[in-house]
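Down below is the structure, laid out as structure tokens.
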Number of protein chains: 4
Amino acid sequence: MLVVMKKDSSEQELAGVMQKLTQSGLTGHTSKGVERTVIGVVGQTYPEMRDTLELLPGVDEVIPISKPYKLSSREFQPENTTVKVGDVVLGGDKLTIIAGPCAVESERQILDTAKAVRAAGACILRGGAFKPSTSPYQFRGLGKQGLEMLAMARAETGLPFITEVLTPQDVELVAEYADILQVGARNMQNFSLLDEVGKVNKPVMLKRGMSATIQEWLLSAEYILSQGNRQLILCERGIRTFETYTRNTLDISAIPIIKKLSHLPVIGDPSHGTGKWYLVAPLALAAVAAGADGIMIEVHPNPDQALKDGAQSLTFENFEQLMQQVAPVAAAVGRRMPIESEEADGE
Amino acid sequence: MLVVMKKDSSEQELAGVMQKLTQSGLTGHTSKGVERTVIGVVGQTYPEMRDTLELLPGVDEVIPISKPYKLSSREFQPENTTVKVGDVVLGGDKLTIIAGPCAVESERQILDTAKAVRAAGACILRGGAFKPSTSPYQFRGLGKQGLEMLAMARAETGLPFITEVLTPQDVELVAEYADILQVGARNMQNFSLLDEVGKVNKPVMLKRGMSATIQEWLLSAEYILSQGNRQLILCERGIRTFETYTRNTLDISAIPIIKKLSHLPVIGDPSHGTGKWYLVAPLALAAVAAGADGIMIEVHPNPDQALKDGAQSLTFENFEQLMQQVAPVAAAVGRRMPIESEEADGE
Amino acid sequence: MLVVMKKDSSEQELAGVMQKLTQSGLTGHTSKGVERTVIGVVGQTYPEMRDTLELLPGVDEVIPISKPYKLSSREFQPENTTVKVGDVVLGGDKLTIIAGPCAVESERQILDTAKAVRAAGACILRGGAFKPSTSPYQFRGLGKQGLEMLAMARAETGLPFITEVLTPQDVELVAEYADILQVGARNMQNFSLLDEVGKVNKPVMLKRGMSATIQEWLLSAEYILSQGNRQLILCERGIRTFETYTRNTLDISAIPIIKKLSHLPVIGDPSHGTGKWYLVAPLALAAVAAGADGIMIEVHPNPDQALKDGAQSLTFENFEQLMQQVAPVAAAVGRRMPIESEEADGE
Amino acid sequence: MLVVMKKDSSEQELAGVMQKLTQSGLTGHTSKGVERTVIGVVGQTYPEMRDTLELLPGVDEVIPISKPYKLSSREFQPENTTVKVGDVVLGGDKLTIIAGPCAVESERQILDTAKAVRAAGACILRGGAFKPSTSPYQFRGLGKQGLEMLAMARAETGLPFITEVLTPQDVELVAEYADILQVGARNMQNFSLLDEVGKVNKPVMLKRGMSATIQEWLLSAEYILSQGNRQLILCERGIRTFETYTRNTLDISAIPIIKKLSHLPVIGDPSHGTGKWYLVAPLALAAVAAGADGIMIEVHPNPDQALKDGAQSLTFENFEQLMQQVAPVAAAVGRRMPIESEEADGE
């Protein structure tokens with residue numbers, strides 16, 4: 001932490017800051033510039049210290065220089081984290097393809113979709129049983145029944161599944177069924193929920209909040225990691241900007257930034273990131289090219305009948321085409337597809 | 001809902017849309033312009049309908065024209081809602097002044113503050129017992145002990161208090177102690193929490209999420225109202241923008257917009273809205289001038305010792321000065337102060 | 001400027017940075033913390049230095065600590081700047097009220113408006129002769145003819161006028177007619193234009209760019225001041241955010257921030273700041289309450305006939321009402337109205 | 001244009017709107033829904049009409065449904081525009097690679113860079129002679145001398161060059177030297193400059209403004225096209241958001257959106273889009289994968305000596321590596337590199 005004194009600060013004010021530091025068990029090293037004096041603070045500081053010091057007379061600004069997250073940082077763990085879900089390894093050499101409908105609507109719908117996305121090359125099924133909804137009058141998901149349908153589809157296809165959990169009370173129930181628990185964008189700073197999913201022995205995917213900085217996102221990751229759960233995956237799904245053509249602005253740069261700052265795997269979600277089905281393919285390719293460990297795609301048997309997010313869902317046919325487009329881009333950046341031709345053709 | 005057809009859409013495509021409407025129990029009225037055909041949809045539509053229709057061939061855009069919120073709208077209830085908390089009436093002629101520390105830290109701190117803000121003219125005490133914190137390593141509040149300290153301060157001063165509830169499990173506990181339950185900005189779309197506070201018989205203050213549009217804010221209000229709790233107050237506390245000088249950008253325009261669109265009372269929070277104590281007074285005056293039903297101000301006996309948000313807290317002296325500044329501005333816009341001179345001098 | 005070294009940086013890397021500083025004629029003072037070493041740079045640095053130093057091995061971050069603007073800062077000039085325009089003093093005790101149509105449309109329109117706003121209490125007339133327009137197919141102003149109409153209205157009413165200049169070539173022409181030259185939001189970083197208006201002997205009003213930080217705004221002010229023109233006024237007119245209900249988000253907090261960081265007068269523009277006539281009054285009151293030196297208001301004889309920005313224009317009657325609302329708020333914050341009752345009634 | 005009446009609007013108000021339409025030479029077709037009446041307006045409307053109609057009694061909202069840009073729309077011209085610059089074709093099968101320093105600093109610097117980027121596979125040289133600079137105290141470019149150095153580098157290497165023009169007065173001069181004129185982000189709504197570059201017979205690259213919507217960007221393109229210059233290229237260079245880790249947020253989704261809405265070629269600029277050299281490669285690959293017609297990359301012989309934007313510049317070695325990474329991604333999306341191995345190896 002650095003304390004920058006005002007241009008016209010007095011020696012007495014400087015002494016006041018030094019005294020405050022000493023009282024707090026810290027040491028200050030002063031460095032007098034042409035215009036200003038700066039104090040480098042040595043010792044274990046805590047974030048609130050900043051506010052405290054900024055209020056002292058003569059202080060212009062306090063600048064924190066340690067990153068506030070630890071367990072999620074690459075400095076703490078230089079090697080990549082990989083998360084195993086059955087045979088699937090997230091964060092490894094192979095790209096992870098997660099696909100499925102926004103919401104589980106019926107046995108037929110989820111089973112047909114699971115089969116279709118499996119055939120096209122996906123390795124994890126997605127589907128919402130508990131749905132966040134901006135309006136109380138919209139569809140909010142099938143709940144436990146939806147979880148059972150997902151489990152049935154897993155049994156039929158062998159695909160593990162990811163599904164969202166909305167509230168701490170439901171963590172136990174969802175963890176019983178799901179292979180990966182998703183914390184959605186609106187809950188990125190639902191700290192009780194973060195604490196709770198930090199305690200289960202199941203992988204968690206943490207989506208970036210729509211107005212969260214990358215640092216805040218890593219701090220939310222820190223909540224989960226610090227509770228003991230190290231099976232954590234991040235997911236970039238778009239941020240809120242002034243542009244209204246897209247539902248959100250998918251921040252592709254967040255992907256290489258996360259790879260640099262953190263050891264955690266990161267997935268791109270072009271479906272929520274754009275809100276328009278015809279933008280999903282180009283943005284999926286962009287995410288892969290930028291180094292994402294995987295992509296998550298909304299697929300629905302009949303997007304124009306979907307109860308939720310039809311406009312951003314691919315048909316089976318469009319998803320299959322996307323898989324064919326992704327393969328060469330993945331190869332171009334040194335990634336293998338989750339199910340490779342040999343395997344697919346094999347037996 | 002209006003369906004705008006593409007310029008080059010065919011008669012067959014138009015027929016397809018009309019058929020879809022009929023199947024959904026709706027009627028379509030076509031209006032052919034020079035460039036495009038538009039279909040006005042008659043009947044009870046639901047939001048997902050938009051996605052569905054946009055996917056049909058020949059459709060360019062679907063434009064919803066009914067507002068998606070009802071109970072919170074001024075069309076539904078033309079007269080202002082007033083919320084009574086003991087002798088205090090929020091949303092009436094008198095301005096409501098809420099003041100107190102960001103977090104309850106000790107009996108001494110909360111009691112001293114309660115007395116000081118009472119003397120200066122506040123009518124409701126604020127103080128956090130359960131604190132949301134961006135980092136897991138920061139102070140997260142005293143919990144139940146904090147609630148007891150607030151209750152003690154209420155007993156001593158007669159001030160009702162507002163405090164935040166973070167998670168559905170805690171709603172019952174917090175409702176036992178508090179006079180008003182606060183739902184914080186990070187939880188504006190924590191729908192389980194909204195449902196839960198919608199069921200208690202205590203007033204609720206819903207803060208605007210930092211990236212929430214006014215429409216989304218009113219939809220979150222709708223969650224609470226539709227559960228039956230009509231004692232609802234809104235609070236503008238700043239939105240996230242590109243400007244970094246302030247912690248948030250206090251959206252003063254949201255105040256008259258809420259008064260126009262809704263019947264609910266609205267409070268301004270210049271402490272979180274700016275993050276800097278020296279901006280609190282001018283923004284508090286601005287909120288009052290723009291028509292806010294009240295203001296919420298962070299006050300601390302020793303801001304430079306505060307465990308949380310010291311930089312945005314006023315000292316007792318600064319709060320007293322603020323009250324003296326607020327009074328003439330309130331009078332200028334036809335509002336009375338909560339405790340008027342006669343009363344204060346009285347006995 | 002502070003150079004923060006990486007946690008694991010070597011002594012050799014530190015030596016490399018120190019050598020670079022010496023080569024650049026600067027001195028470095030190192031301060032070793034528990035986690036990191038920080039170098040305080042002494043000597044005249046320049047902004048590009050930051051980029052250069054950040055690229056050196058072992059460097060984590062370079063933090064500039066001197067503010068990059070000088071002439072516009074309150075440190076440079078502690079007392080308020082006042083700008084005289086005829087009898088009007090901007091930045092003094094009296095509030096400045098600027099009013100008039102978005103665009104000059106006809107002699108009749110500008111003269112009627114000038115008389116009406118003069119009668120209601122405005123002290124400066126506004127009106128656009130050269131209009132920026134998002135689309136090439138929209139009305140772009142009457143040009144020189146518009147300037148002549150404004151001059152005629154000034155001759156008739158005695159009101160000095162402000163009008164926008166869009167391009168360096170027009171500065172001379174506009175300066176011949178206008179009392180104050182306005183640089184619009186879209187041109188805040190049109191540096192050729194800033195240079196040019198910095199050379200004329202006429203007051204300039206610089207509007208904040210819709211995505212400009214306060215620091216960038218002050219740097220644009222610096223362009224004008226450093227060319228020698230010290231008759232400069234700033235105008236907050238709203239920033240671009242994700243909220244779509246308003247045309248822009250009027251950043252009321254910018255008003256007290258400018259008063260703190262700079263000595264320049266600052267005006268609030270609630271017409272462009274909201275884009276809706278029914279929000280103009282509450283936001284005008286808010287700007288005054290927050291300490292603005294004045295307000296600028298769009299007024300039109302028939303807003304529903306306006307060639308530009310009718311939706312945000314007040315009628316004569318609404319403007320008169322606004323003036324009556326502004327007076328007590330101005331008084332509440334210690335400001336006098338530009339034309340006081342005695343004067344108005346007098347003689 | 002659609003006029004949506006208020007729920008409780010009267011027949012008389014409806015008649016008033018219809019009369020206004022008739023007066024303006026338009027026809028209205030009413031469509032009565034359960035809740036509201038909507039009027040479809042037939043005839044040539046203009047944007048200001050919206051404001052006018054919204055002010056009429058009983059009107060709730062006016063919704064424009066024609067896109068306000070024409071010449072730049074794909075409806076107007078279904079086939080892709082290609083722009084020829086010497087042997088280079090922008091917008092064709094081959095990817096366009098533009099590379100060079102932010103600013104021209106010396107003959108040595110620009111010549112060395114031109115040779116290096118040519119050898120690595122670039123087909124157009126970039127370099128700033130007139131530089132926009134946030135602060136008046138920073139380097140503002142070498143001006144005409146810089147243009148001469150660029151011309152010299154072109155003569156030596158055969159690479160055509162692109163350079164920025166800042167102000168209408170300089171258009172003629174810059175057009176004499178440059179192969180492509182660049183209009184920078186800060187000037188996207190400098191309408192005098194747009195008019196001027198619309199009149200020259202040289203290709204123009206229009207960068208997106210940092211807070212411009214895609215529609216506003218296309219309207220600025222419309223300025224240039226409507227003056228007669230159809231050799232127009234667009235460039236996405238990042239928008240301003242709340243995230244501070246990157247200099248801007250490169251909006252990769254803008255690339256496929258432009259390809260859908262418009263026939264104009266679009267280039268991605270990951271250097272300005274991120275502001276950090278180590279993010280340039282992943283974002284360049286993302287832009288290509290998403291369908292960009294080319295990329296523009298800042299390259300400098302010694303980024304740590306650069307007078308401008310060193311932190312986002314690649315070294316020659318890094319640029320060469322990037323070219324090797326781009327080639328397979330380009331191939332994966334069906335694009336050829338500008339200089340293909342045969343050619344490069346050939347002769």
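Chain labels A, B, ... are given in the sequence in which chains occur in the structure tokens; within each chain residues are numbered consecutively from 1, and ligands are likewise numbered from 1 in the order shown.
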
Within 10 Å of chain B, which residues of chain C show up? Give each one with its shortest atom-to-atom distance in Å (one decimal) and the two atoms involved, counting only C-alpha atoms, rows by chain then rising residue number, as a tab-separated table.
residue	atom	partner	partner_atom	distance
C:Ser211	CA	B:Phe242	CA	7.5
C:Ala212	CA	B:Glu243	CA	7.9
C:Thr213	CA	B:Glu243	CA	5.4
C:Ile214	CA	B:Glu243	CA	7.4
C:Gln215	CA	B:Tyr245	CA	8.6
C:Ile239	CA	B:Thr241	CA	8.8
C:Arg240	CA	B:Thr241	CA	8.2
C:Thr241	CA	B:Thr241	CA	6.0
C:Phe242	CA	B:Thr213	CA	7.4
C:Glu243	CA	B:Thr213	CA	5.4
C:Thr244	CA	B:Thr213	CA	7.6
C:Tyr245	CA	B:Ile214	CA	7.5
C:Thr246	CA	B:Ser253	CA	8.1
C:Asn248	CA	B:Ser253	CA	9.7
C:Thr249	CA	B:Asp251	CA	6.7
C:Leu250	CA	B:Ser253	CA	7.2
C:Asp251	CA	B:Thr249	CA	6.7
C:Ile252	CA	B:Ile252	CA	7.1
C:Ser253	CA	B:Leu283	CA	6.5
C:Ala254	CA	B:Thr246	CA	9.0
C:Ile255	CA	B:Pro282	CA	8.8
C:Pro256	CA	B:Leu279	CA	6.8
C:Ile257	CA	B:Leu279	CA	7.6
C:Lys260	CA	B:Tyr278	CA	9.4
C:Pro270	CA	B:Ser253	CA	9.4
C:Gly273	CA	B:Ser253	CA	9.0
C:Thr274	CA	B:Ser253	CA	7.4
C:Tyr278	CA	B:Pro256	CA	8.8
C:Leu279	CA	B:Pro256	CA	6.8
C:Val280	CA	B:Ser253	CA	9.2
C:Ala281	CA	B:Ala290	CA	8.1
C:Pro282	CA	B:Ala290	CA	4.4
C:Leu283	CA	B:Ala290	CA	6.0
C:Ala284	CA	B:Ala290	CA	8.2
C:Leu285	CA	B:Ala289	CA	5.5
C:Ala286	CA	B:Ala286	CA	3.9
C:Ala287	CA	B:Ala286	CA	6.5
C:Val288	CA	B:Ala286	CA	7.7
C:Ala289	CA	B:Ala286	CA	5.1
C:Ala290	CA	B:Pro282	CA	4.4
C:Gly291	CA	B:Pro282	CA	6.9
C:Ala292	CA	B:Pro282	CA	10.0
C:Gln325	CA	B:Val333	CA	7.5
C:Val326	CA	B:Ala332	CA	8.5
C:Ala327	CA	B:Ala332	CA	8.4
C:Pro328	CA	B:Ala332	CA	5.1
C:Val329	CA	B:Ala332	CA	5.3
C:Ala330	CA	B:Val329	CA	8.6
C:Ala331	CA	B:Pro328	CA	8.4
C:Ala332	CA	B:Pro328	CA	5.0
C:Val333	CA	B:Val329	CA	7.4

Per DSSP on the backbone, filter range 37-243 of chain A down to the residues in helix (DSSP H, G or I) and report them as number ranges by chain.
-> A: 48-54, 107-120, 144-157, 168-177, 185-187, 191-197, 214-226

Could you pull the residues within 12 Å of range 52-55 of chain D, counting only C-alpha atoms, minus those fewer than 6 positions along the same chain, as a PyMOL selection string?
-> (chain C and resi 276-278+302-315) or (chain D and resi 1-6+13-14+16-21+24+39+41+45-46+61-64)

Once DSSP has gone over the backbone, tell me which residues of range 88-177 of chain D are in strand (DSSP E or B), as a PyMOL selection string.
-> chain D and resi 88-90+94+96-100+103+124-126+128+161-164

Could you save the residues just selected, with N, CA and C atoms, as a compact mmCIF listing (two decimals), in the first residue's frame?
# COMPACT_ATOMS: atom_id res chain seq x y z
N VAL D 88 -3.67 -4.65 -53.17
CA VAL D 88 -4.41 -5.17 -52.01
C VAL D 88 -5.91 -4.95 -52.21
N VAL D 89 -6.69 -5.98 -51.88
CA VAL D 89 -8.15 -5.84 -51.94
C VAL D 89 -8.72 -6.05 -50.54
N LEU D 90 -9.25 -5.02 -49.96
CA LEU D 90 -9.88 -5.16 -48.64
C LEU D 90 -11.31 -5.62 -48.81
N LYS D 94 -8.88 -12.63 -49.27
CA LYS D 94 -7.65 -12.57 -48.48
C LYS D 94 -7.84 -11.66 -47.28
N THR D 96 -6.65 -8.89 -44.72
CA THR D 96 -5.78 -7.73 -44.83
C THR D 96 -5.04 -7.55 -43.51
N ILE D 97 -3.71 -7.49 -43.61
CA ILE D 97 -2.92 -7.28 -42.38
C ILE D 97 -2.27 -5.90 -42.48
N ILE D 98 -2.66 -5.02 -41.56
CA ILE D 98 -2.12 -3.67 -41.50
C ILE D 98 -1.22 -3.61 -40.26
N ALA D 99 0.00 -3.13 -40.41
CA ALA D 99 0.90 -3.10 -39.26
C ALA D 99 1.84 -1.93 -39.35
N GLY D 100 2.31 -1.50 -38.19
CA GLY D 100 3.26 -0.40 -38.13
C GLY D 100 3.16 0.29 -36.78
N ALA D 103 2.95 5.97 -33.91
CA ALA D 103 3.37 7.25 -34.49
C ALA D 103 4.67 7.09 -35.25
N ILE D 124 -0.19 -3.76 -45.65
CA ILE D 124 -0.38 -2.31 -45.58
C ILE D 124 0.39 -1.81 -44.36
N LEU D 125 1.03 -0.67 -44.51
CA LEU D 125 1.78 -0.05 -43.41
C LEU D 125 0.88 0.97 -42.71
N ARG D 126 0.99 1.05 -41.38
CA ARG D 126 0.28 2.11 -40.69
C ARG D 126 1.31 2.97 -39.95
N GLY D 128 1.22 7.03 -37.62
CA GLY D 128 0.55 8.30 -37.39
C GLY D 128 1.48 9.47 -37.59
N PHE D 161 0.23 2.81 -47.54
CA PHE D 161 0.08 3.12 -46.11
C PHE D 161 -1.23 3.85 -45.79
N ILE D 162 -1.61 3.66 -44.53
CA ILE D 162 -2.78 4.33 -43.96
C ILE D 162 -2.29 5.25 -42.85
N THR D 163 -2.91 6.43 -42.77
CA THR D 163 -2.52 7.37 -41.71
C THR D 163 -3.73 8.22 -41.37
N GLU D 164 -3.73 8.72 -40.14
CA GLU D 164 -4.91 9.44 -39.64
C GLU D 164 -4.93 10.89 -40.08

Considering only C-alpha atoms, return as a list in words whatever protein or nucleic-acid residues lie within 9 Å of Gln169 in chain A, sequence-local ones (same chain, fewer than 5 positions apart) excluded.
->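 In the requested form, the answer reads Leu193 and Glu196 of chain A; Pro168 and Gln169 of chain B.
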
CA of Gly43 in chain A and CA of Gly28 in chain A, how far apart in Å?
->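 Taking CA of Gly28 in chain A as the start and CA of Gly43 in chain A as the end point, the length is 8.9 Å.
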
To one decimal place, how far is CA of Asn229 in chain A from CA of Val183 in chain B in Å?
->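 About the pair CA of Asn229 in chain A and CA of Val183 in chain B: they are 27.9 Å apart.
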
Please, what distance in Å, to one decimal, runs between CA of Trp217 in chain A and CA of Gly238 in chain D?
-> 21.3 Å
